[in-house]
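Text of coords.pdb (PDB, C-alpha atoms, pLDDT in the B column) as supplied:
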```pdb
MODEL        1
ATOM      1  CA  ASP A   1       0.000   0.000   0.000  1.00 66.00           C
ATOM      2  CA  GLN A   2       1.863   3.038  -1.281  1.00 78.00           C
ATOM      3  CA  GLN A   3       1.373   5.997   1.019  1.00 93.00           C
ATOM      4  CA  VAL A   4       3.079   8.394  -1.392  1.00 96.00           C
ATOM      5  CA  LYS A   5       2.135   8.160  -5.057  1.00 96.00           C
ATOM      6  CA  GLN A   6       3.577   9.762  -8.142  1.00 96.00           C
ATOM      7  CA  ASN A   7       1.154   8.670 -10.817  1.00 91.00           C
ATOM      8  CA  SER A   8       3.056  10.016 -13.807  1.00 95.00           C
ATOM      9  CA  PRO A   9       6.084   7.830 -14.580  1.00 94.00           C
ATOM     10  CA  SER A  10       7.408  10.410 -17.016  1.00 97.00           C
ATOM     11  CA  LEU A  11       6.947  13.957 -18.252  1.00 97.00           C
ATOM     12  CA  SER A  12       8.370  15.707 -21.303  1.00 98.00           C
ATOM     13  CA  VAL A  13       8.565  19.513 -21.471  1.00 98.00           C
ATOM     14  CA  GLN A  14      10.034  22.049 -23.862  1.00 98.00           C
ATOM     15  CA  GLU A  15      12.921  24.168 -22.611  1.00 98.00           C
ATOM     16  CA  GLY A  16      11.691  27.466 -21.150  1.00 98.00           C
ATOM     17  CA  ARG A  17       8.211  26.165 -20.361  1.00 98.00           C
ATOM     18  CA  ILE A  18       6.819  25.168 -16.980  1.00 98.00           C
ATOM     19  CA  SER A  19       7.260  21.648 -15.600  1.00 98.00           C
ATOM     20  CA  ILE A  20       4.642  20.476 -13.097  1.00 98.00           C
ATOM     21  CA  LEU A  21       5.301  17.288 -11.171  1.00 98.00           C
ATOM     22  CA  ASN A  22       2.550  15.886  -8.999  1.00 98.00           C
ATOM     23  CA  CYS A  23       2.439  13.806  -5.849  1.00 98.00           C
ATOM     24  CA  ASP A  24      -0.443  12.416  -3.789  1.00 98.00           C
ATOM     25  CA  TYR A  25      -0.366  10.978  -0.296  1.00 97.00           C
ATOM     26  CA  THR A  26      -2.807   8.974   1.749  1.00 96.00           C
ATOM     27  CA  ASN A  27      -1.592   9.345   5.338  1.00 94.00           C
ATOM     28  CA  SER A  28      -2.953  12.482   7.026  1.00 94.00           C
ATOM     29  CA  MET A  29      -0.235  12.216   9.711  1.00 94.00           C
ATOM     30  CA  PHE A  30       2.423  13.368   7.233  1.00 95.00           C
ATOM     31  CA  ASP A  31       3.550  16.842   8.266  1.00 94.00           C
ATOM     32  CA  TYR A  32       6.625  17.465   6.134  1.00 95.00           C
ATOM     33  CA  PHE A  33       7.163  16.997   2.415  1.00 97.00           C
ATOM     34  CA  LEU A  34      10.300  17.042   0.315  1.00 97.00           C
ATOM     35  CA  TRP A  35      11.336  16.805  -3.317  1.00 98.00           C
ATOM     36  CA  TYR A  36      14.549  15.119  -4.418  1.00 98.00           C
ATOM     37  CA  LYS A  37      16.242  15.111  -7.788  1.00 98.00           C
ATOM     38  CA  LYS A  38      18.295  12.173  -9.021  1.00 97.00           C
ATOM     39  CA  TYR A  39      20.676  11.926 -11.953  1.00 96.00           C
ATOM     40  CA  PRO A  40      21.774   8.500 -13.278  1.00 93.00           C
ATOM     41  CA  ALA A  41      24.512   6.817 -11.235  1.00 91.00           C
ATOM     42  CA  GLU A  42      24.226   9.418  -8.468  1.00 95.00           C
ATOM     43  CA  GLY A  43      22.427   9.582  -5.157  1.00 96.00           C
ATOM     44  CA  PRO A  44      19.262  11.679  -4.777  1.00 97.00           C
ATOM     45  CA  THR A  45      19.868  15.322  -3.876  1.00 96.00           C
ATOM     46  CA  PHE A  46      17.539  17.494  -1.843  1.00 96.00           C
ATOM     47  CA  LEU A  47      15.687  20.104  -3.866  1.00 97.00           C
ATOM     48  CA  ILE A  48      12.980  21.799  -1.825  1.00 97.00           C
ATOM     49  CA  SER A  49      10.658  21.069   1.081  1.00 96.00           C
ATOM     50  CA  ILE A  50       7.480  22.296   2.696  1.00 97.00           C
ATOM     51  CA  SER A  51       5.950  21.997   6.137  1.00 96.00           C
ATOM     52  CA  SER A  52       2.276  21.151   6.520  1.00 95.00           C
ATOM     53  CA  ILE A  53       1.661  24.552   8.116  1.00 96.00           C
ATOM     54  CA  LYS A  54       2.417  26.226   4.774  1.00 97.00           C
ATOM     55  CA  ASP A  55       0.800  25.929   1.367  1.00 97.00           C
ATOM     56  CA  LYS A  56       3.653  27.244  -0.755  1.00 98.00           C
ATOM     57  CA  ASN A  57       7.426  27.414  -0.678  1.00 98.00           C
ATOM     58  CA  GLU A  58       9.663  28.999  -3.310  1.00 98.00           C
ATOM     59  CA  ASP A  59      13.349  28.641  -4.032  1.00 97.00           C
ATOM     60  CA  GLY A  60      14.491  30.262  -7.247  1.00 98.00           C
ATOM     61  CA  ARG A  61      12.955  28.433 -10.199  1.00 98.00           C
ATOM     62  CA  PHE A  62      11.372  25.814  -7.939  1.00 98.00           C
ATOM     63  CA  THR A  63       8.065  26.172  -6.112  1.00 98.00           C
ATOM     64  CA  VAL A  64       6.259  23.520  -4.125  1.00 98.00           C
ATOM     65  CA  PHE A  65       2.529  23.793  -3.482  1.00 98.00           C
ATOM     66  CA  LEU A  66       0.708  21.816  -0.808  1.00 98.00           C
ATOM     67  CA  ASN A  67      -3.045  21.179  -0.769  1.00 97.00           C
ATOM     68  CA  LYS A  68      -3.722  19.385   2.510  1.00 97.00           C
ATOM     69  CA  SER A  69      -7.436  18.904   1.969  1.00 96.00           C
ATOM     70  CA  ALA A  70      -6.710  17.070  -1.294  1.00 97.00           C
ATOM     71  CA  LYS A  71      -3.560  15.388   0.122  1.00 97.00           C
ATOM     72  CA  HIS A  72      -1.719  16.624  -2.930  1.00 98.00           C
ATOM     73  CA  LEU A  73       1.508  18.460  -3.590  1.00 97.00           C
ATOM     74  CA  SER A  74       3.131  19.660  -6.756  1.00 98.00           C
ATOM     75  CA  LEU A  75       6.545  20.895  -7.822  1.00 98.00           C
ATOM     76  CA  HIS A  76       6.684  23.690 -10.395  1.00 98.00           C
ATOM     77  CA  ILE A  77       9.885  24.397 -12.302  1.00 98.00           C
ATOM     78  CA  VAL A  78       9.889  27.673 -14.209  1.00 98.00           C
ATOM     79  CA  PRO A  79      11.554  28.044 -16.638  1.00 98.00           C
ATOM     80  CA  SER A  80      12.571  24.466 -17.312  1.00 98.00           C
ATOM     81  CA  GLN A  81      16.154  23.872 -18.453  1.00 98.00           C
ATOM     82  CA  PRO A  82      17.782  20.828 -20.092  1.00 97.00           C
ATOM     83  CA  GLY A  83      19.862  20.328 -16.923  1.00 97.00           C
ATOM     84  CA  ASP A  84      16.600  19.718 -15.033  1.00 98.00           C
ATOM     85  CA  SER A  85      16.214  16.403 -16.857  1.00 98.00           C
ATOM     86  CA  ALA A  86      16.341  13.832 -14.049  1.00 98.00           C
ATOM     87  CA  VAL A  87      14.158  11.607 -11.889  1.00 97.00           C
ATOM     88  CA  TYR A  88      12.186  13.536  -9.274  1.00 98.00           C
ATOM     89  CA  PHE A  89      11.098  11.844  -6.066  1.00 97.00           C
ATOM     90  CA  CYS A  90       8.461  13.126  -3.710  1.00 97.00           C
ATOM     91  CA  ALA A  91       8.889  12.172  -0.044  1.00 97.00           C
ATOM     92  CA  ALA A  92       6.865  12.636   3.129  1.00 96.00           C
ATOM     93  CA  SER A  93       7.518  12.253   6.830  1.00 94.00           C
ATOM     94  CA  ALA A  94       5.621  12.417  10.103  1.00 91.00           C
ATOM     95  CA  ALA A  95       6.895  13.370  13.541  1.00 87.00           C
ATOM     96  CA  GLU A  96       4.563  10.640  14.808  1.00 84.00           C
ATOM     97  CA  TYR A  97       6.677   8.046  12.967  1.00 82.00           C
ATOM     98  CA  GLY A  98      10.081   9.394  13.921  1.00 82.00           C
ATOM     99  CA  ASN A  99      10.404  11.495  10.747  1.00 84.00           C
ATOM    100  CA  LYS A 100      11.160   8.469   8.585  1.00 90.00           C
ATOM    101  CA  LEU A 101      10.997   9.431   4.920  1.00 93.00           C
ATOM    102  CA  VAL A 102       8.480   7.636   2.693  1.00 94.00           C
ATOM    103  CA  PHE A 103       9.195   8.025  -1.010  1.00 95.00           C
ATOM    104  CA  GLY A 104       7.089   7.930  -4.114  1.00 95.00           C
ATOM    105  CA  ALA A 105       8.117   5.881  -7.158  1.00 95.00           C
ATOM    106  CA  GLY A 106       9.539   8.893  -8.988  1.00 96.00           C
ATOM    107  CA  THR A 107       8.805  10.814 -12.193  1.00 97.00           C
ATOM    108  CA  ILE A 108      11.295  11.033 -15.058  1.00 97.00           C
ATOM    109  CA  LEU A 109      11.435  14.600 -16.374  1.00 98.00           C
ATOM    110  CA  ARG A 110      12.843  15.239 -19.840  1.00 98.00           C
ATOM    111  CA  VAL A 111      13.386  18.847 -20.858  1.00 98.00           C
ATOM    112  CA  LYS A 112      13.830  19.171 -24.608  1.00 97.00           C
ATOM    113  CA  SER A 113      15.925  21.941 -26.092  1.00 93.00           C
TER     114      SER A 113
ATOM    115  CA  ASN B   1      33.235  18.146   1.964  1.00 62.00           C
ATOM    116  CA  ALA B   2      32.843  14.373   1.673  1.00 74.00           C
ATOM    117  CA  GLY B   3      29.269  14.225   3.004  1.00 94.00           C
ATOM    118  CA  VAL B   4      28.149  10.587   2.773  1.00 97.00           C
ATOM    119  CA  THR B   5      30.588   8.032   1.394  1.00 97.00           C
ATOM    120  CA  GLN B   6      29.476   4.569   0.310  1.00 97.00           C
ATOM    121  CA  THR B   7      31.662   1.663  -0.724  1.00 96.00           C
ATOM    122  CA  PRO B   8      31.785  -0.298  -2.925  1.00 97.00           C
ATOM    123  CA  LYS B   9      30.103   1.356  -5.933  1.00 96.00           C
ATOM    124  CA  PHE B  10      29.483  -1.968  -7.667  1.00 97.00           C
ATOM    125  CA  GLN B  11      29.353  -5.544  -6.401  1.00 97.00           C
ATOM    126  CA  VAL B  12      28.430  -8.935  -7.833  1.00 98.00           C
ATOM    127  CA  LEU B  13      27.654 -11.713  -5.347  1.00 97.00           C
ATOM    128  CA  LYS B  14      26.742 -15.334  -5.697  1.00 98.00           C
ATOM    129  CA  THR B  15      23.585 -16.564  -4.020  1.00 98.00           C
ATOM    130  CA  GLY B  16      24.336 -17.395  -0.397  1.00 97.00           C
ATOM    131  CA  GLN B  17      27.374 -15.159  -0.045  1.00 97.00           C
ATOM    132  CA  SER B  18      27.499 -12.467   2.602  1.00 96.00           C
ATOM    133  CA  MET B  19      28.917  -8.992   2.399  1.00 96.00           C
ATOM    134  CA  THR B  20      28.937  -5.602   4.096  1.00 98.00           C
ATOM    135  CA  LEU B  21      28.095  -2.313   2.417  1.00 98.00           C
ATOM    136  CA  GLN B  22      29.990   0.493   4.081  1.00 98.00           C
ATOM    137  CA  CYS B  23      28.621   3.958   4.800  1.00 98.00           C
ATOM    138  CA  ALA B  24      30.335   6.873   6.501  1.00 97.00           C
ATOM    139  CA  GLN B  25      29.258  10.474   7.056  1.00 97.00           C
ATOM    140  CA  ASP B  26      31.225  13.482   8.236  1.00 96.00           C
ATOM    141  CA  MET B  27      28.315  15.815   9.066  1.00 95.00           C
ATOM    142  CA  ASN B  28      27.906  14.675  12.680  1.00 95.00           C
ATOM    143  CA  HIS B  29      24.288  13.688  12.073  1.00 95.00           C
ATOM    144  CA  GLU B  30      22.627  11.405  14.589  1.00 95.00           C
ATOM    145  CA  TYR B  31      20.083   9.962  12.136  1.00 95.00           C
ATOM    146  CA  MET B  32      21.238   7.632   9.364  1.00 96.00           C
ATOM    147  CA  SER B  33      19.351   5.231   7.126  1.00 97.00           C
ATOM    148  CA  TRP B  34      19.625   2.654   4.348  1.00 98.00           C
ATOM    149  CA  TYR B  35      17.307   2.522   1.346  1.00 98.00           C
ATOM    150  CA  ARG B  36      17.038   0.293  -1.667  1.00 97.00           C
ATOM    151  CA  GLN B  37      15.837   1.538  -5.039  1.00 96.00           C
ATOM    152  CA  ASP B  38      14.023  -0.794  -7.395  1.00 93.00           C
ATOM    153  CA  PRO B  39      12.358   0.103 -10.715  1.00 86.00           C
ATOM    154  CA  GLY B  40       8.856   1.491 -10.243  1.00 82.00           C
ATOM    155  CA  MET B  41       9.082   1.359  -6.458  1.00 85.00           C
ATOM    156  CA  GLY B  42      11.011   4.440  -5.442  1.00 89.00           C
ATOM    157  CA  LEU B  43      13.243   4.197  -2.401  1.00 95.00           C
ATOM    158  CA  ARG B  44      12.243   1.831   0.368  1.00 95.00           C
ATOM    159  CA  LEU B  45      13.621   2.057   3.885  1.00 96.00           C
ATOM    160  CA  ILE B  46      15.578  -0.999   5.049  1.00 97.00           C
ATOM    161  CA  HIS B  47      16.954   0.026   8.458  1.00 97.00           C
ATOM    162  CA  TYR B  48      17.627   3.261  10.250  1.00 96.00           C
ATOM    163  CA  SER B  49      19.453   4.566  13.299  1.00 96.00           C
ATOM    164  CA  VAL B  50      18.748   7.603  15.470  1.00 93.00           C
ATOM    165  CA  GLY B  51      22.143   7.501  17.151  1.00 94.00           C
ATOM    166  CA  ALA B  52      25.101   5.318  18.119  1.00 94.00           C
ATOM    167  CA  GLY B  53      23.908   2.046  19.581  1.00 95.00           C
ATOM    168  CA  ILE B  54      20.309   2.515  18.395  1.00 95.00           C
ATOM    169  CA  THR B  55      18.909   0.861  15.274  1.00 96.00           C
ATOM    170  CA  ASP B  56      15.442  -0.065  14.063  1.00 95.00           C
ATOM    171  CA  GLN B  57      13.750  -1.756  11.148  1.00 95.00           C
ATOM    172  CA  GLY B  58      12.248  -0.003   8.191  1.00 94.00           C
ATOM    173  CA  GLU B  59       9.818  -1.233   5.567  1.00 93.00           C
ATOM    174  CA  VAL B  60      11.940  -4.045   4.057  1.00 96.00           C
ATOM    175  CA  PRO B  61      14.412  -5.290   6.714  1.00 97.00           C
ATOM    176  CA  ASN B  62      14.431  -9.032   6.007  1.00 96.00           C
ATOM    177  CA  GLY B  63      17.830 -10.398   4.998  1.00 96.00           C
ATOM    178  CA  TYR B  64      19.736  -7.361   6.260  1.00 98.00           C
ATOM    179  CA  ASN B  65      21.489  -6.453   9.496  1.00 97.00           C
ATOM    180  CA  VAL B  66      22.861  -3.138  10.708  1.00 98.00           C
ATOM    181  CA  SER B  67      24.865  -1.837  13.623  1.00 96.00           C
ATOM    182  CA  ARG B  68      25.856   1.661  14.723  1.00 97.00           C
ATOM    183  CA  SER B  69      28.916   1.693  16.936  1.00 97.00           C
ATOM    184  CA  THR B  70      29.922   5.269  16.059  1.00 97.00           C
ATOM    185  CA  THR B  71      28.091   8.383  14.876  1.00 97.00           C
ATOM    186  CA  GLU B  72      30.041   8.328  11.603  1.00 97.00           C
ATOM    187  CA  ASP B  73      29.568   4.742  10.397  1.00 98.00           C
ATOM    188  CA  PHE B  74      26.456   2.741   9.558  1.00 98.00           C
ATOM    189  CA  PRO B  75      27.294  -0.514   7.726  1.00 98.00           C
ATOM    190  CA  LEU B  76      24.641  -2.720   6.119  1.00 98.00           C
ATOM    191  CA  ARG B  77      25.221  -6.469   6.154  1.00 98.00           C
ATOM    192  CA  LEU B  78      23.670  -8.966   3.770  1.00 97.00           C
ATOM    193  CA  LEU B  79      23.626 -12.247   5.630  1.00 92.00           C
ATOM    194  CA  SER B  80      22.987 -14.698   2.765  1.00 97.00           C
ATOM    195  CA  ALA B  81      22.501 -12.929  -0.543  1.00 97.00           C
ATOM    196  CA  ALA B  82      19.478 -13.777  -2.680  1.00 97.00           C
ATOM    197  CA  PRO B  83      18.619 -12.684  -6.260  1.00 97.00           C
ATOM    198  CA  SER B  84      15.735 -10.626  -4.789  1.00 96.00           C
ATOM    199  CA  GLN B  85      18.363  -8.414  -3.161  1.00 97.00           C
ATOM    200  CA  THR B  86      19.648  -7.265  -6.531  1.00 97.00           C
ATOM    201  CA  SER B  87      19.107  -3.530  -6.270  1.00 97.00           C
ATOM    202  CA  VAL B  88      20.738  -0.153  -5.864  1.00 97.00           C
ATOM    203  CA  TYR B  89      21.425   0.670  -2.225  1.00 98.00           C
ATOM    204  CA  PHE B  90      21.633   4.182  -0.836  1.00 98.00           C
ATOM    205  CA  CYS B  91      22.846   5.272   2.545  1.00 98.00           C
ATOM    206  CA  ALA B  92      21.594   8.603   3.897  1.00 97.00           C
ATOM    207  CA  SER B  93      22.461  10.929   6.725  1.00 96.00           C
ATOM    208  CA  HIS B  94      19.663  13.176   7.982  1.00 94.00           C
ATOM    209  CA  ASP B  95      19.943  16.674   9.414  1.00 91.00           C
ATOM    210  CA  PRO B  96      17.646  17.857  12.235  1.00 87.00           C
ATOM    211  CA  GLY B  97      15.551  19.699   9.630  1.00 80.00           C
ATOM    212  CA  HIS B  98      14.309  16.444   8.010  1.00 81.00           C
ATOM    213  CA  ARG B  99      16.603  16.659   4.974  1.00 91.00           C
ATOM    214  CA  ALA B 100      18.409  13.474   3.960  1.00 94.00           C
ATOM    215  CA  PHE B 101      21.815  13.574   2.284  1.00 95.00           C
ATOM    216  CA  PHE B 102      22.518  10.515   0.180  1.00 97.00           C
ATOM    217  CA  GLY B 103      25.644   8.683  -0.834  1.00 97.00           C
ATOM    218  CA  GLN B 104      26.333   7.799  -4.470  1.00 96.00           C
ATOM    219  CA  GLY B 105      24.867   4.338  -4.120  1.00 97.00           C
ATOM    220  CA  THR B 106      26.001   0.728  -4.426  1.00 97.00           C
ATOM    221  CA  ARG B 107      24.751  -1.288  -7.387  1.00 97.00           C
ATOM    222  CA  LEU B 108      24.477  -4.881  -6.197  1.00 97.00           C
ATOM    223  CA  THR B 109      23.820  -7.867  -8.431  1.00 97.00           C
ATOM    224  CA  VAL B 110      23.178 -11.295  -6.922  1.00 97.00           C
ATOM    225  CA  VAL B 111      23.535 -14.199  -9.366  1.00 97.00           C
TER     226      VAL B 111
ENDMDL
END
```

Full structure transcribed into structure tokens:
Amino acid sequence: DQQVKQNSPSLSVQEGRISILNCDYTNSMFDYFLWYKKYPAEGPTFLISISSIKDKNEDGRFTVFLNKSAKHLSLHIVPSQPGDSAVYFCAASAAEYGNKLVFGAGTILRVKS
Amino acid sequence: NAGVTQTPKFQVLKTGQSMTLQCAQDMNHEYMSWYRQDPGMGLRLIHYSVGAGITDQGEVPNGYNVSRSTTEDFPLRLLSAAPSQTSVYFCASHDPGHRAFFGQGTRLTVV
């Protein structure tokens, strides 16, 4: 039973346009959400995070939106660049469960130039 | 800044062999963890530790052992390798703000 779901295995976007990656979760105890980026043959790297007390967090070209009522979060990348091509993982944690990270299956983003 | 260092990067084992995946961090984090990544399944937690001498099971602990004798090191032991343990393994060190910092991974093949 996947508690964190990324329903789109892949996404293709033109350079300069917006990339929107989506993530749904089922456990209402989750109170912290993170996005990780992963290049081939490397470990995941932290990108951006959001606490459940917020509904938006921005860091440069990256913005994460959280809709708690829908148990949904999204990562917006504007403008998309070819170097953004990678696998993006959504993750969630709950203080109740010792802040263990639960990951989604990942979405492959391809930015075409 | 080394961050999290994993060795080896690649390993091929025969069924039934044992081995230890090494992980070391230099960020003085109390919380460390091991994940495996399989196609279509994201990263799944194997074992984790909240400090030296303290370890606990994650989602998929069977067939693996861990120990944490120092803050820096968190080795993962495969007791008797099985083909189902073919995977990419990542060690992570977590800061107090929830962020996990990952090593480069170990690609393990069990034949």

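Proximity to Gln85 of chain B was assessed for B:Ser49, B:Asn62, B:Thr7, B:Gln22 counting all atoms listed in the file; the smallest distance is recorded for B:Asn62.
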
task: Could you please tell me, as a ChimeraX atom specification, which residues of chain B have an atom within 12 Å of chain A when using only C-alpha atoms?
output: /B:3-6,9-10,31-50,56-59,88-107

What do you get, as a PDB file with C-alpha atoms, keeping the file's coordinate frame, if you spell out every residue that the PyMOL selection byres ((chain A and resi 57) around 12) selects here?
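Output file part-v5.pdb is given in full below:
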```
ATOM      1  CA  PHE A  33       7.163  16.997   2.415  1.00 97.00           C
ATOM      2  CA  LEU A  34      10.300  17.042   0.315  1.00 97.00           C
ATOM      3  CA  TRP A  35      11.336  16.805  -3.317  1.00 98.00           C
ATOM      4  CA  LEU A  47      15.687  20.104  -3.866  1.00 97.00           C
ATOM      5  CA  ILE A  48      12.980  21.799  -1.825  1.00 97.00           C
ATOM      6  CA  SER A  49      10.658  21.069   1.081  1.00 96.00           C
ATOM      7  CA  ILE A  50       7.480  22.296   2.696  1.00 97.00           C
ATOM      8  CA  SER A  51       5.950  21.997   6.137  1.00 96.00           C
ATOM      9  CA  SER A  52       2.276  21.151   6.520  1.00 95.00           C
ATOM     10  CA  ILE A  53       1.661  24.552   8.116  1.00 96.00           C
ATOM     11  CA  LYS A  54       2.417  26.226   4.774  1.00 97.00           C
ATOM     12  CA  ASP A  55       0.800  25.929   1.367  1.00 97.00           C
ATOM     13  CA  LYS A  56       3.653  27.244  -0.755  1.00 98.00           C
ATOM     14  CA  GLU A  58       9.663  28.999  -3.310  1.00 98.00           C
ATOM     15  CA  ASP A  59      13.349  28.641  -4.032  1.00 97.00           C
ATOM     16  CA  GLY A  60      14.491  30.262  -7.247  1.00 98.00           C
ATOM     17  CA  ARG A  61      12.955  28.433 -10.199  1.00 98.00           C
ATOM     18  CA  PHE A  62      11.372  25.814  -7.939  1.00 98.00           C
ATOM     19  CA  THR A  63       8.065  26.172  -6.112  1.00 98.00           C
ATOM     20  CA  VAL A  64       6.259  23.520  -4.125  1.00 98.00           C
ATOM     21  CA  PHE A  65       2.529  23.793  -3.482  1.00 98.00           C
ATOM     22  CA  LEU A  66       0.708  21.816  -0.808  1.00 98.00           C
ATOM     23  CA  LEU A  73       1.508  18.460  -3.590  1.00 97.00           C
ATOM     24  CA  SER A  74       3.131  19.660  -6.756  1.00 98.00           C
ATOM     25  CA  LEU A  75       6.545  20.895  -7.822  1.00 98.00           C
ATOM     26  CA  HIS A  76       6.684  23.690 -10.395  1.00 98.00           C
TER      27      HIS A  76
END
```

Can you pull out every residue within 12 Å of Ile18 of chain A, counting only C-alpha atoms, but drop anything in the same chain fewer than 4 positions away, and send it as a PDB file with C-alpha atoms, keeping the file's coordinate frame?
```pdb
ATOM      1  CA  LEU A  11       6.947  13.957 -18.252  1.00 97.00           C
ATOM      2  CA  SER A  12       8.370  15.707 -21.303  1.00 98.00           C
ATOM      3  CA  VAL A  13       8.565  19.513 -21.471  1.00 98.00           C
ATOM      4  CA  GLN A  14      10.034  22.049 -23.862  1.00 98.00           C
ATOM      5  CA  ARG A  61      12.955  28.433 -10.199  1.00 98.00           C
ATOM      6  CA  PHE A  62      11.372  25.814  -7.939  1.00 98.00           C
ATOM      7  CA  THR A  63       8.065  26.172  -6.112  1.00 98.00           C
ATOM      8  CA  LEU A  75       6.545  20.895  -7.822  1.00 98.00           C
ATOM      9  CA  HIS A  76       6.684  23.690 -10.395  1.00 98.00           C
ATOM     10  CA  ILE A  77       9.885  24.397 -12.302  1.00 98.00           C
ATOM     11  CA  VAL A  78       9.889  27.673 -14.209  1.00 98.00           C
ATOM     12  CA  PRO A  79      11.554  28.044 -16.638  1.00 98.00           C
ATOM     13  CA  SER A  80      12.571  24.466 -17.312  1.00 98.00           C
ATOM     14  CA  GLN A  81      16.154  23.872 -18.453  1.00 98.00           C
ATOM     15  CA  ASP A  84      16.600  19.718 -15.033  1.00 98.00           C
ATOM     16  CA  LEU A 109      11.435  14.600 -16.374  1.00 98.00           C
ATOM     17  CA  ARG A 110      12.843  15.239 -19.840  1.00 98.00           C
ATOM     18  CA  VAL A 111      13.386  18.847 -20.858  1.00 98.00           C
ATOM     19  CA  LYS A 112      13.830  19.171 -24.608  1.00 97.00           C
TER      20      LYS A 112
END
```

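Relative to atom CA of Ile54 of chain B, atom CA of Gly16 of chain B is found at 27.7 Å.
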
- request: Select, from A:Ser28, A:Tyr39, A:Glu15, A:Ser8, the residue with the minimum atom-to-atom distance to Asn67 of chain A, counting only C-alpha atoms.
  value: A:Ser28

task: Quick one: apply the PyMOL selection byres ((chain B and resi 70-72) around 7) to the file and drop the selected residues here as number ranges by chain.
output: B: 24-26, 28, 30, 51-52, 68-69, 73-74

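In this structure, atom CA of Ser10 of chain A sits 25.3 Å away from atom CA of Leu108 of chain B.
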
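When atom CA of Lys71 of chain A is paired with atom CA of Pro61 of chain B, their separation reads 28.2 Å.
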
To test the calculation: enclose all listed atoms of segment 102-113 of chain A in a box whose edges run along x, y and z, add 3 Å on each side, then state centre and edge lengths in Å to one decimal, as lines of an AutoDock Vina configuration file.
```
center_x = 11.5
center_y = 13.9
center_z = -11.7
size_x = 14.8
size_y = 22.1
size_z = 34.8
```

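Contact shell of Tyr64 of chain B at 7 Å (only C-alpha atoms; same-chain neighbours under 3 positions omitted): Pro61, Leu76, Arg77, Leu78 and Leu79 of chain B.
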
Quick test: take segment 73-84 of chain B, keep N, CA, C and O atoms, and write it as a JSON list (two decimals), in the first residue's frame.
```json
[["chain", "number", "residue", "atom", "x", "y", "z"],
["B", 73, "ASP", "N", 29.67, 5.93, 11.24],
["B", 73, "ASP", "CA", 29.57, 4.74, 10.40],
["B", 73, "ASP", "C", 28.26, 3.98, 10.60],
["B", 73, "ASP", "O", 27.81, 3.79, 11.74],
["B", 74, "PHE", "N", 27.72, 3.49, 9.49],
["B", 74, "PHE", "CA", 26.46, 2.74, 9.56],
["B", 74, "PHE", "C", 26.49, 1.65, 8.48],
["B", 74, "PHE", "O", 25.91, 1.79, 7.40],
["B", 75, "PRO", "N", 27.19, 0.55, 8.73],
["B", 75, "PRO", "CA", 27.29, -0.51, 7.73],
["B", 75, "PRO", "C", 26.03, -1.35, 7.61],
["B", 75, "PRO", "O", 25.31, -1.55, 8.59],
["B", 76, "LEU", "N", 25.78, -1.85, 6.40],
["B", 76, "LEU", "CA", 24.64, -2.72, 6.12],
["B", 76, "LEU", "C", 25.18, -4.09, 5.73],
["B", 76, "LEU", "O", 25.97, -4.20, 4.79],
["B", 77, "ARG", "N", 24.74, -5.11, 6.43],
["B", 77, "ARG", "CA", 25.22, -6.47, 6.15],
["B", 77, "ARG", "C", 24.14, -7.32, 5.50],
["B", 77, "ARG", "O", 23.00, -7.37, 5.99],
["B", 78, "LEU", "N", 24.53, -7.96, 4.40],
["B", 78, "LEU", "CA", 23.67, -8.97, 3.77],
["B", 78, "LEU", "C", 24.14, -10.32, 4.30],
["B", 78, "LEU", "O", 25.29, -10.69, 4.12],
["B", 79, "LEU", "N", 23.24, -11.04, 4.92],
["B", 79, "LEU", "CA", 23.63, -12.25, 5.63],
["B", 79, "LEU", "C", 23.84, -13.43, 4.69],
["B", 79, "LEU", "O", 24.81, -14.18, 4.80],
["B", 80, "SER", "N", 22.92, -13.60, 3.73],
["B", 80, "SER", "CA", 22.99, -14.70, 2.76],
["B", 80, "SER", "C", 22.28, -14.18, 1.52],
["B", 80, "SER", "O", 21.05, -14.23, 1.44],
["B", 81, "ALA", "N", 23.07, -13.66, 0.59],
["B", 81, "ALA", "CA", 22.50, -12.93, -0.54],
["B", 81, "ALA", "C", 21.55, -13.79, -1.38],
["B", 81, "ALA", "O", 21.80, -14.98, -1.62],
["B", 82, "ALA", "N", 20.48, -13.14, -1.83],
["B", 82, "ALA", "CA", 19.48, -13.78, -2.68],
["B", 82, "ALA", "C", 19.27, -12.90, -3.92],
["B", 82, "ALA", "O", 19.46, -11.68, -3.84],
["B", 83, "PRO", "N", 18.86, -13.49, -5.05],
["B", 83, "PRO", "CA", 18.62, -12.68, -6.26],
["B", 83, "PRO", "C", 17.64, -11.53, -6.02],
["B", 83, "PRO", "O", 17.77, -10.48, -6.66],
["B", 84, "SER", "N", 16.70, -11.69, -5.08],
["B", 84, "SER", "CA", 15.74, -10.63, -4.79],
["B", 84, "SER", "C", 16.40, -9.40, -4.15],
["B", 84, "SER", "O", 15.77, -8.33, -4.06]]
```
